[in-house]
Structure formats: C-alpha cells, structure tokens
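A.B. asks: Input model_11.txt, format and content: compact mmCIF, C-alpha atoms.
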```txt
# COMPACT_ATOMS: atom_id res chain seq x y z
CA MET A 16 24.82 269.41 18.05
CA LEU A 17 24.81 265.75 17.03
CA GLY A 18 24.04 264.79 20.64
CA CYS A 19 20.84 266.86 20.56
CA SER A 20 19.74 265.18 17.33
CA LEU A 21 20.42 261.75 18.74
CA GLN A 22 18.55 262.58 21.96
CA SER A 23 15.55 263.76 19.98
CA ALA A 24 15.56 260.63 17.81
CA TYR A 25 15.96 258.44 20.90
CA ALA A 26 13.00 260.16 22.62
CA GLN A 27 10.79 259.40 19.64
CA ILE A 28 11.91 255.78 19.50
CA THR A 29 11.27 255.22 23.20
CA ALA A 30 7.86 256.93 23.41
CA THR A 31 5.51 254.64 25.28
CA VAL A 32 1.77 254.35 25.54
CA ILE A 33 0.31 255.69 28.76
CA ASN A 34 -2.56 253.56 30.04
CA ALA A 35 -5.13 255.65 31.90
CA ASN A 36 -8.54 254.94 33.38
CA PRO A 37 -11.59 256.84 32.09
CA GLN A 38 -11.51 259.49 34.84
CA GLU A 39 -7.84 260.19 34.13
CA VAL A 40 -8.51 260.43 30.40
CA GLU A 41 -11.39 262.84 30.94
CA LYS A 42 -9.31 265.03 33.26
CA LEU A 43 -6.22 265.02 31.03
CA TRP A 44 -8.17 265.64 27.84
CA LYS A 45 -9.93 268.63 29.39
CA ALA A 46 -6.63 270.00 30.73
CA LYS A 47 -4.33 269.30 27.78
CA GLY A 48 -6.65 269.24 24.80
CA GLY A 49 -5.57 267.13 21.87
CA LEU A 50 -7.43 264.45 19.97
CA LEU A 51 -9.94 262.05 21.49
CA LEU A 52 -9.90 259.12 19.08
CA ASP A 53 -12.60 256.43 19.00
CA VAL A 54 -11.30 253.42 17.05
CA ARG A 55 -14.51 251.37 17.04
CA THR A 56 -16.54 250.47 14.00
CA ALA A 57 -19.33 252.69 12.66
CA GLN A 58 -21.86 250.15 13.91
CA GLU A 59 -20.48 250.28 17.47
CA TRP A 60 -20.44 254.10 17.33
CA GLU A 61 -24.13 254.12 16.34
CA GLU A 62 -25.32 251.40 18.71
CA ASP A 63 -23.36 252.21 21.87
CA GLY A 64 -22.91 255.96 21.53
CA PHE A 65 -19.66 257.86 21.85
CA ILE A 66 -17.85 260.38 24.01
CA LYS A 67 -18.79 263.93 23.04
CA GLY A 68 -15.96 265.50 21.05
CA ALA A 69 -14.49 262.20 19.91
CA VAL A 70 -13.42 261.58 16.32
CA ARG A 71 -13.98 258.09 14.92
CA VAL A 72 -11.41 256.19 12.88
CA ASP A 73 -11.99 252.45 12.49
CA ALA A 74 -9.06 250.46 13.92
CA TYR A 75 -9.46 248.02 11.02
CA SER A 76 -9.12 250.70 8.31
CA LYS A 77 -6.38 250.02 5.79
CA ASP A 78 -5.54 253.74 5.82
CA LEU A 79 -5.70 254.18 9.61
CA SER A 80 -2.40 256.07 9.80
CA GLU A 81 -3.40 258.50 7.07
CA GLN A 82 -6.77 259.16 8.71
CA VAL A 83 -5.16 259.83 12.07
CA SER A 84 -2.53 262.12 10.57
CA ARG A 85 -5.32 264.20 8.98
CA LYS A 86 -7.01 264.54 12.38
CA ALA A 87 -3.90 265.02 14.55
CA VAL A 88 -1.77 267.58 12.78
CA ASP A 89 0.96 267.76 15.43
CA LYS A 90 2.59 264.50 16.56
CA LYS A 91 3.59 266.16 19.83
CA LYS A 92 0.01 266.87 20.94
CA PRO A 93 -1.85 264.34 23.09
CA ILE A 94 -3.98 261.62 21.55
CA PHE A 95 -6.44 259.82 23.82
CA ILE A 96 -7.61 256.55 22.25
CA TYR A 97 -10.49 254.29 23.19
CA CYS A 98 -12.44 251.37 21.77
CA ALA A 99 -15.07 249.10 23.30
CA ALA A 100 -12.96 247.42 25.99
CA GLY A 101 -9.33 248.49 25.45
CA GLY A 102 -7.77 245.90 23.13
CA ARG A 103 -7.98 247.63 19.77
CA SER A 104 -7.11 250.99 21.26
CA ALA A 105 -3.97 249.52 22.86
CA ARG A 106 -2.84 248.18 19.46
CA VAL A 107 -3.57 251.48 17.71
CA ALA A 108 -1.81 253.41 20.49
CA GLN A 109 1.30 251.26 20.17
CA ARG A 110 1.29 251.74 16.40
CA LEU A 111 1.02 255.52 16.74
CA THR A 112 4.00 255.69 19.11
CA GLN A 113 6.00 253.75 16.51
CA GLU A 114 4.95 256.37 13.95
CA GLY A 115 6.35 259.21 16.07
CA TYR A 116 3.41 260.38 18.18
CA THR A 117 4.84 261.27 21.57
CA GLN A 118 1.83 261.67 23.91
CA VAL A 119 -0.38 258.64 23.35
CA TYR A 120 -2.93 257.56 25.96
CA ASN A 121 -4.89 254.31 25.90
CA MET A 122 -8.12 254.35 27.88
CA LYS A 123 -8.21 251.18 29.98
CA GLY A 124 -11.54 249.38 29.76
CA GLY A 125 -12.70 251.41 26.77
CA ILE A 126 -16.11 253.02 26.46
CA TYR A 127 -17.67 250.16 28.44
CA GLN A 128 -15.63 251.16 31.49
CA TRP A 129 -16.38 254.84 30.77
CA MET A 130 -20.11 254.07 30.91
CA ALA A 131 -19.76 251.78 33.95
CA ASP A 132 -18.07 254.69 35.75
CA GLY A 133 -21.12 256.84 35.03
CA LEU A 134 -19.42 259.19 32.60
CA PRO A 135 -21.60 260.69 29.84
CA VAL A 136 -22.07 259.13 26.43
CA GLN A 137 -23.68 260.88 23.51
CA THR A 138 -25.95 259.26 20.96
CA LYS A 139 -27.07 260.64 17.65
```
Translate this file's structure into structure tokens.
C.D. replies:
Amino acid sequence: MLGCSLQSAYAQITATVINANPQEVEKLWKAKGGLLLDVRTAQEWEEDGFIKGAVRVDAYSKDLSEQVSRKAVDKKKPIFIYCAAGGRSARVAQRLTQEGYTQVYNMKGGIYQWMADGLPVQTK
C-alpha cells in the first residue's frame, strides 16, 4: 500500500511540461478537452485577439495560482497554456506542474505562432 502512495507522489513530483506547436495544441484540446489558458495581459488580449474558448489569467497576477485553481477544478485534466511568444506560458506551465497539475501543455511560439500558422483568432 505504501508503494502505491509513494508512486503517486513521485508521479506528481516528476510531472513535466509538454511543449507543443499550435496545431498539436488545437488537436489535443479538441480531443481531450480541458482548459485553454491565455496568460497575456488584458491589453494584449484586447489588441491581438485570443483563441476562441480561452480563459485569460494574467501571468503577472499575484494570485495566479488561485485564479487557475478556480478555472481548472481537476488537477488531472489537461491545461493548454499560451502567451504572446511562449516565454510567460512556459514559466506558468512549470509553476503549475510544481503545484500538482499533471497534464500541462505549453504552446510553443504563443499566439503569434498560432496566427502565423493561419489558425483563427477571435476579437471582441
């Protein structure tokens, strides 16, 4: 019994961020569901648009973890994270794995790469 507990704890400790390109993120998100998390600022969200269905939480928020936990109820469900170019989302993704989220995807190249690949962006 103790072995199972240790294995579970070890799996949470060793969870890693999965880096995926925009096409992979789109395909996985549609197949698996989960949370699509935009970690850009409100200004970037307004000016550049966003991916339809995304939820915005500013990467610089002091209560980032609390905001994410309110959006992603289950730490075992996938979270797909993006920012403008991939830097902030990578940091947020790493932080979330340290907090026990087990399926964390960082979108390489961010929304700029998403748009360059011709994928749709929504504006208000």
A.B. asks: Using Å and a single decimal, report how far atom CA of Lys67 of chain A sits from atom CA of Tyr120 of chain A.
C.D. replies: 17.3 Å
A.B. asks: Between A:Ala131, A:Val136, A:Leu79, A:Val88, which is the closest to Val107 of chain A once you count all atoms listed in the file?
C.D. replies: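 Between A:Ala131, A:Val136, A:Leu79, A:Val88, the residue approaching Val107 of chain A most closely is A:Leu79.
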A.B. asks: Kindly extract all protein, DNA and RNA residues lying within 8 Å of the coordinates (-1.8, 253.9, 23.3) given in the file, considering all atoms listed in the file, and supply them as number ranges by chain.
C.D. replies: A: 31-34, 95-96, 104-112, 119-122
A.B. asks: Just the residues within 10 Å of Asp132 of chain A, please, counting all atoms listed in the file, with nothing from its chain fewer than 6 positions along; format it as a list of chain:residue names.
C.D. replies: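 Here the answer would be A:Asn36, A:Pro37, A:Gln38, A:Ile126.
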A.B. asks: So how far away is atom CA of Glu114 of chain A from atom CA of Tyr97 of chain A, in Å?
C.D. replies: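 Distance reported for this atom pair: 18.1 Å.
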A.B. asks: Just give me the gap between atom CA of Gly115 of chain A and atom CA of Arg85 of chain A in Å, one decimal is fine.
C.D. replies: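 Atom CA of Arg85 of chain A lies 14.5 Å from atom CA of Gly115 of chain A.
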A.B. asks: Would you please work out which residue, of A:Asp78, A:Glu62, A:Asp73, A:Glu41, is nearest to Cys98 of chain A when using only C-alpha atoms?
C.D. replies: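 Using only C-alpha atoms, Cys98 of chain A sits closest to A:Asp73.
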A.B. asks: Write out as a list in words the residues lying within 12 Å of Ala87 of chain A, counting all atoms listed in the file and excluding same-chain residues fewer than 4 positions away.
C.D. replies: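 Counting only the stated atoms, we get Gly48, Gly49, Leu50, Leu51, Leu52, Val70, Val72, Ser80, Glu81, Gln82, Val83, Lys91, Lys92, Pro93, Ile94, Phe95, Leu111, Gly115, Tyr116, Thr117, Gln118 and Val119 of chain A.
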A.B. asks: Restricting the calculation to only C-alpha atoms: of A:Ser84, A:Gln113, A:Thr138, A:Gln128, which residue gets closest to Asp63 of chain A?
C.D. replies: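 Closest candidate: A:Thr138.
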A.B. asks: Nearest to Ile66 of chain A: which of A:Asp53, A:Arg103, A:Leu43, A:Gly124 is it, counting only C-alpha atoms?
C.D. replies: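 Closest to Ile66 of chain A of all the choices is A:Asp53.
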